[in-house]
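*Asks:* Compact mmCIF, C-alpha atoms and all ligand atoms, saved as final32.txt, coming up:
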# COMPACT_ATOMS: atom_id res chain seq x y z
CA MET C 288 -54.02 7.68 30.26
CA LYS C 289 -51.27 5.32 31.40
CA SER C 290 -50.87 3.81 27.92
CA ILE C 291 -50.60 7.25 26.35
CA LYS C 292 -47.76 8.14 28.74
CA LEU C 293 -46.09 4.81 28.05
CA SER C 294 -46.26 5.16 24.26
CA GLY C 295 -44.92 8.70 24.64
CA ILE C 296 -41.89 7.33 26.44
CA PHE C 297 -41.38 4.71 23.73
CA ILE C 298 -41.53 7.34 20.99
CA LEU C 299 -39.02 9.46 22.88
CA LEU C 300 -36.69 6.48 23.32
CA GLY C 301 -37.03 5.71 19.62
CA VAL C 302 -36.11 9.26 18.66
CA ILE C 303 -33.09 9.21 20.98
CA PHE C 304 -31.99 5.87 19.56
CA ILE C 305 -32.27 6.98 15.92
CA PHE C 306 -30.50 10.27 16.69
CA SER C 307 -27.57 8.63 18.47
CA PHE C 308 -27.28 5.97 15.75
CA GLY C 309 -27.09 8.69 13.13
CA LEU C 310 -24.42 10.52 15.12
CA SER C 311 -22.28 7.40 15.53
CA GLN C 312 -22.54 6.69 11.78
CA MET C 313 -21.42 10.24 11.02
CA LYS C 314 -18.46 9.84 13.39
CA LYS C 315 -17.55 6.53 11.78
CA THR C 316 -17.57 8.01 8.26
CA GLU C 317 -15.53 10.96 9.45
CA MET C 318 -12.96 8.69 11.10
CA MET C 319 -12.70 6.51 7.99
CA MET C 320 -12.09 9.54 5.82
CA GLN C 321 -9.39 10.84 8.14
CA HIS C 322 -7.80 7.39 8.21
CA LYS C 323 -7.72 7.23 4.42
CA GLU C 324 -6.16 10.67 4.15
CA THR C 325 -3.31 9.88 6.52
CA GLU C 326 -2.78 6.45 4.98
CA ALA C 327 -2.58 7.21 1.29
CA ALA C 328 0.69 8.92 0.45
CA LYS C 329 0.75 10.79 -2.82
CA GLY C 330 4.31 11.46 -3.84
CA LYS C 331 5.78 11.72 -0.33
CA GLU C 332 9.57 11.52 -0.24
CA ILE C 333 10.78 8.34 1.49
CA THR C 334 13.91 6.26 1.89
CA ILE C 335 13.61 2.51 2.30
CA GLU C 336 15.95 -0.47 2.49
CA GLY C 337 15.04 -3.75 0.92
CA HIS C 338 15.58 -6.31 -1.79
CA ILE C 339 14.74 -6.02 -5.49
CA ILE C 340 12.31 -8.81 -6.30
CA ASP C 341 10.35 -10.18 -9.17
CA PRO C 342 6.88 -9.98 -7.54
CA TYR C 343 5.44 -12.66 -9.82
CA CYS C 344 7.85 -15.45 -8.79
CA TYR C 345 8.10 -14.19 -5.20
CA ILE C 346 4.34 -14.17 -4.58
CA THR C 347 3.40 -17.31 -6.51
CA MET C 348 6.46 -19.50 -5.77
CA ASP C 349 8.38 -17.82 -2.92
CA MET C 350 11.38 -17.42 -5.22
CA ILE C 351 13.91 -14.86 -4.02
CA GLY C 352 17.68 -14.40 -3.82
CA GLU C 353 20.80 -15.03 -5.87
CA LYS C 354 19.58 -18.39 -7.24
CA HIS C 355 16.57 -16.65 -8.76
CA LYS C 356 18.49 -13.85 -10.45
CA LYS C 357 18.43 -15.24 -14.02
CA CYS C 358 14.72 -16.03 -13.80
CA ALA C 359 13.94 -12.56 -12.42
CA GLN C 360 15.90 -10.92 -15.24
CA MET C 361 13.89 -12.95 -17.73
CA CYS C 362 10.60 -12.12 -15.99
CA ALA C 363 11.48 -8.42 -16.03
CA LYS C 364 12.36 -8.52 -19.74
CA ASN C 365 9.07 -10.28 -20.45
CA GLY C 366 7.12 -7.50 -18.76
CA ILE C 367 6.82 -8.32 -15.07
CA ASN C 368 6.97 -5.08 -13.06
CA LEU C 369 9.81 -5.45 -10.56
CA GLY C 370 9.38 -4.50 -6.93
CA ILE C 371 11.14 -3.85 -3.64
CA LEU C 372 10.57 -6.05 -0.62
CA GLU C 373 11.16 -3.78 2.37
CA LYS C 374 13.59 -5.22 4.92
CA ASP C 375 11.81 -4.79 8.24
CA THR C 376 8.16 -4.66 7.15
CA ASN C 377 7.96 -7.11 4.19
CA ILE C 378 5.89 -4.50 2.37
CA ILE C 379 6.19 -4.85 -1.40
CA TYR C 380 6.54 -1.63 -3.38
CA LEU C 381 6.15 -1.75 -7.13
CA VAL C 382 8.73 0.23 -9.03
CA PHE C 383 6.95 2.97 -10.98
CA PRO C 384 8.50 4.86 -13.89
CA GLU C 385 8.71 8.62 -14.33
CA GLY C 386 6.13 9.42 -16.93
CA HIS C 387 5.13 6.41 -19.00
CA GLY C 388 8.49 4.75 -19.46
CA ASN C 389 9.70 1.24 -18.64
CA PRO C 390 9.33 0.85 -14.85
CA ASN C 391 12.17 -1.68 -14.62
CA GLU C 392 14.83 0.46 -16.26
CA LYS C 393 16.39 1.83 -13.05
CA VAL C 394 16.45 -1.52 -11.22
CA MET C 395 17.60 -4.02 -13.88
CA GLU C 396 21.19 -3.97 -12.61
CA PHE C 397 20.02 -4.42 -9.00
CA ILE C 398 17.80 -7.49 -9.50
CA GLU C 399 17.92 -9.76 -6.43
CA GLU C 400 20.28 -7.35 -4.66
CA ASP C 401 19.90 -5.56 -1.32
CA VAL C 402 19.43 -1.87 -1.90
CA LYS C 403 18.66 1.48 -0.35
CA ILE C 404 16.21 3.57 -2.31
CA SER C 405 15.05 7.16 -2.07
CA GLY C 406 12.07 8.33 -4.03
CA LYS C 407 8.43 9.22 -4.12
CA LEU C 408 5.87 6.98 -2.44
CA TRP C 409 2.47 6.43 -4.07
CA GLN C 410 -0.37 4.54 -2.39
CA LYS C 411 -3.88 3.69 -3.40
CA GLY C 412 -6.10 0.95 -2.05
CA SER C 413 -3.66 -1.71 -0.87
CA LEU C 414 -1.00 -0.96 -3.47
CA ASN C 415 2.34 0.68 -2.70
CA ALA C 416 4.63 2.01 -5.38
CA ILE C 417 7.82 4.05 -5.48
CA GLN C 418 9.35 6.27 -8.13
CA ILE C 419 13.07 5.92 -7.66
CA GLU C 420 15.25 8.99 -7.42
CA LYS C 421 18.34 7.34 -5.93
CA ILE C 422 19.30 3.68 -5.62
CA GLU C 423 22.43 2.03 -4.21
CA LYS C 424 23.53 -1.43 -3.15
CA THR C 425 23.82 -2.01 0.58
CA LYS C 426 25.82 -5.25 0.38
CU CU S 501 11.23 -15.57 -11.82
Since I need it in another form, could you write the structure as structure tokens?

*Replies:*
Amino acid sequence: MKSIKLSGIFILLGVIFIFSFGLSQMKKTEMMMQHKETEAAKGKEITIEGHIIDPYCYITMDMIGEKHKKCAQMCAKNGINLGILEKDTNIIYLVFPEGHGNPNEKVMEFIEEDVKISGKLWQKGSLNAIQIEKIEKTK
């Protein structure tokens, strides 16, 4: 009699455990989905300040600034997609074209310059990109 009561309690505990585990998993999935939705911008209008970089030389060799201008121009002509290194956050945004054009077209004359850019922000996974609508030098 005692062992029947005891096993009944264990079964009940097991059911409670499985139920609460399931609930916490559902909450977790829900939270992750909400997080993703707020994180991934799809064409949101933003304005950022930063520096036009050649992401290849910047990431692999830390090359940035006036002394790297010629190299960055060459990299861009050879097909490296230029980017913007945001001033306060160090986030790198790739420059995206409108349609399927050359992404570097609007930033060639601003290579290794400090700029202010307005445009559309695109995010997916860990990648940030911006379609430039307006760009001007800040220095
Ligand atoms: Cu370079």

*Asks:* Enumerate residues in contact with ligand CU 501 (chain S): an atom-to-atom distance of at most 8 Å, counting only C-alpha atoms and all ligand atoms. Format the result as a compact mmCIF listing (two decimals) with C-alpha atoms, in the frame of the given file.

*Replies:*
# COMPACT_ATOMS: atom_id res chain seq x y z
CA ASP C 341 10.35 -10.18 -9.17
CA TYR C 343 5.44 -12.66 -9.82
CA CYS C 344 7.85 -15.45 -8.79
CA TYR C 345 8.10 -14.19 -5.20
CA MET C 350 11.38 -17.42 -5.22
CA HIS C 355 16.57 -16.65 -8.76
CA LYS C 356 18.49 -13.85 -10.45
CA LYS C 357 18.43 -15.24 -14.02
CA CYS C 358 14.72 -16.03 -13.80
CA ALA C 359 13.94 -12.56 -12.42
CA GLN C 360 15.90 -10.92 -15.24
CA MET C 361 13.89 -12.95 -17.73
CA CYS C 362 10.60 -12.12 -15.99

*Asks:* List the spatial neighbours of Gly330 of chain C as a ChimeraX atom specification - criterion: any atom at most 6 Å away, all atoms listed in the file, same-chain residues fewer than 6 positions off excluded.

*Replies:* /C:407-409

*Asks:* Which residues are close to Tyr380 of chain C, i.e. within 10 Å by all atoms listed in the file, leaving aside same-chain residues fewer than 6 positions away? Reply as a PDB file with C-alpha atoms, in the frame of the given file.

*Replies:*
ATOM      1  CA  ILE C 335      13.610   2.510   2.300  1.00  0.00           C
ATOM      2  CA  GLY C 337      15.040  -3.750   0.920  1.00  0.00           C
ATOM      3  CA  ILE C 339      14.740  -6.020  -5.490  1.00  0.00           C
ATOM      4  CA  ILE C 340      12.310  -8.810  -6.300  1.00  0.00           C
ATOM      5  CA  PRO C 342       6.880  -9.980  -7.540  1.00  0.00           C
ATOM      6  CA  LEU C 369       9.810  -5.450 -10.560  1.00  0.00           C
ATOM      7  CA  GLY C 370       9.380  -4.500  -6.930  1.00  0.00           C
ATOM      8  CA  ILE C 371      11.140  -3.850  -3.640  1.00  0.00           C
ATOM      9  CA  LEU C 372      10.570  -6.050  -0.620  1.00  0.00           C
ATOM     10  CA  GLU C 373      11.160  -3.780   2.370  1.00  0.00           C
ATOM     11  CA  LEU C 408       5.870   6.980  -2.440  1.00  0.00           C
ATOM     12  CA  TRP C 409       2.470   6.430  -4.070  1.00  0.00           C
ATOM     13  CA  GLN C 410      -0.370   4.540  -2.390  1.00  0.00           C
ATOM     14  CA  LEU C 414      -1.000  -0.960  -3.470  1.00  0.00           C
ATOM     15  CA  ASN C 415       2.340   0.680  -2.700  1.00  0.00           C
ATOM     16  CA  ALA C 416       4.630   2.010  -5.380  1.00  0.00           C
ATOM     17  CA  ILE C 417       7.820   4.050  -5.480  1.00  0.00           C
ATOM     18  CA  GLN C 418       9.350   6.270  -8.130  1.00  0.00           C
TER      19      GLN C 418
END

*Asks:* Quick one: pull the distance between atom CA of Gly352 of chain C and atom CA of Glu392 of chain C, Å, one decimal.

*Replies:*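 We find that atom CA of Gly352 of chain C and atom CA of Glu392 of chain C lie 19.6 Å from each other.
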
*Asks:* Using all atoms listed in the file, determine which residues lie at most 8 Å from Gly406 of chain C, disregarding the query and same-chain residues fewer than 3 positions distant; provide the list as a ChimeraX atom specification.

*Replies:* /C:332-334,417-421

*Asks:* Nearest to Gly388 of chain C: which of C:Met313, C:Asn368, C:Met348, C:Lys411 is it, counting all atoms listed in the file?

*Replies:*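 Nearest candidate to Gly388 of chain C out of C:Met313, C:Asn368, C:Met348, C:Lys411: C:Asn368.
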
*Asks:* Give the answer as one residue: which of C:Lys354, C:His338, C:Lys292, C:Lys374 has the shortest atom-to-atom distance to Val394 of chain C, using all atoms listed in the file?

*Replies:*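 Answer, going by the shortest atom-to-atom distance: C:His338.
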
*Asks:* Kindly indicate which residue among C:Leu293, C:Gly309, C:Glu385, C:Ile378 lies nearest to Ser413 of chain C, using all atoms listed in the file for the distances.

*Replies:* C:Ile378

*Asks:* For atom CA of Gly295 of chain C and atom CA of Ser311 of chain C, determine how far apart the two atoms are, in Å to one decimal place.

*Replies:*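 These atoms are spaced 24.4 Å apart.
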
*Asks:* Suppose you want the space between atom CA of Glu353 of chain C and atom CA of Phe383 of chain C; what is it in Å?

*Replies:*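 Distance reported for this atom pair: 23.3 Å.
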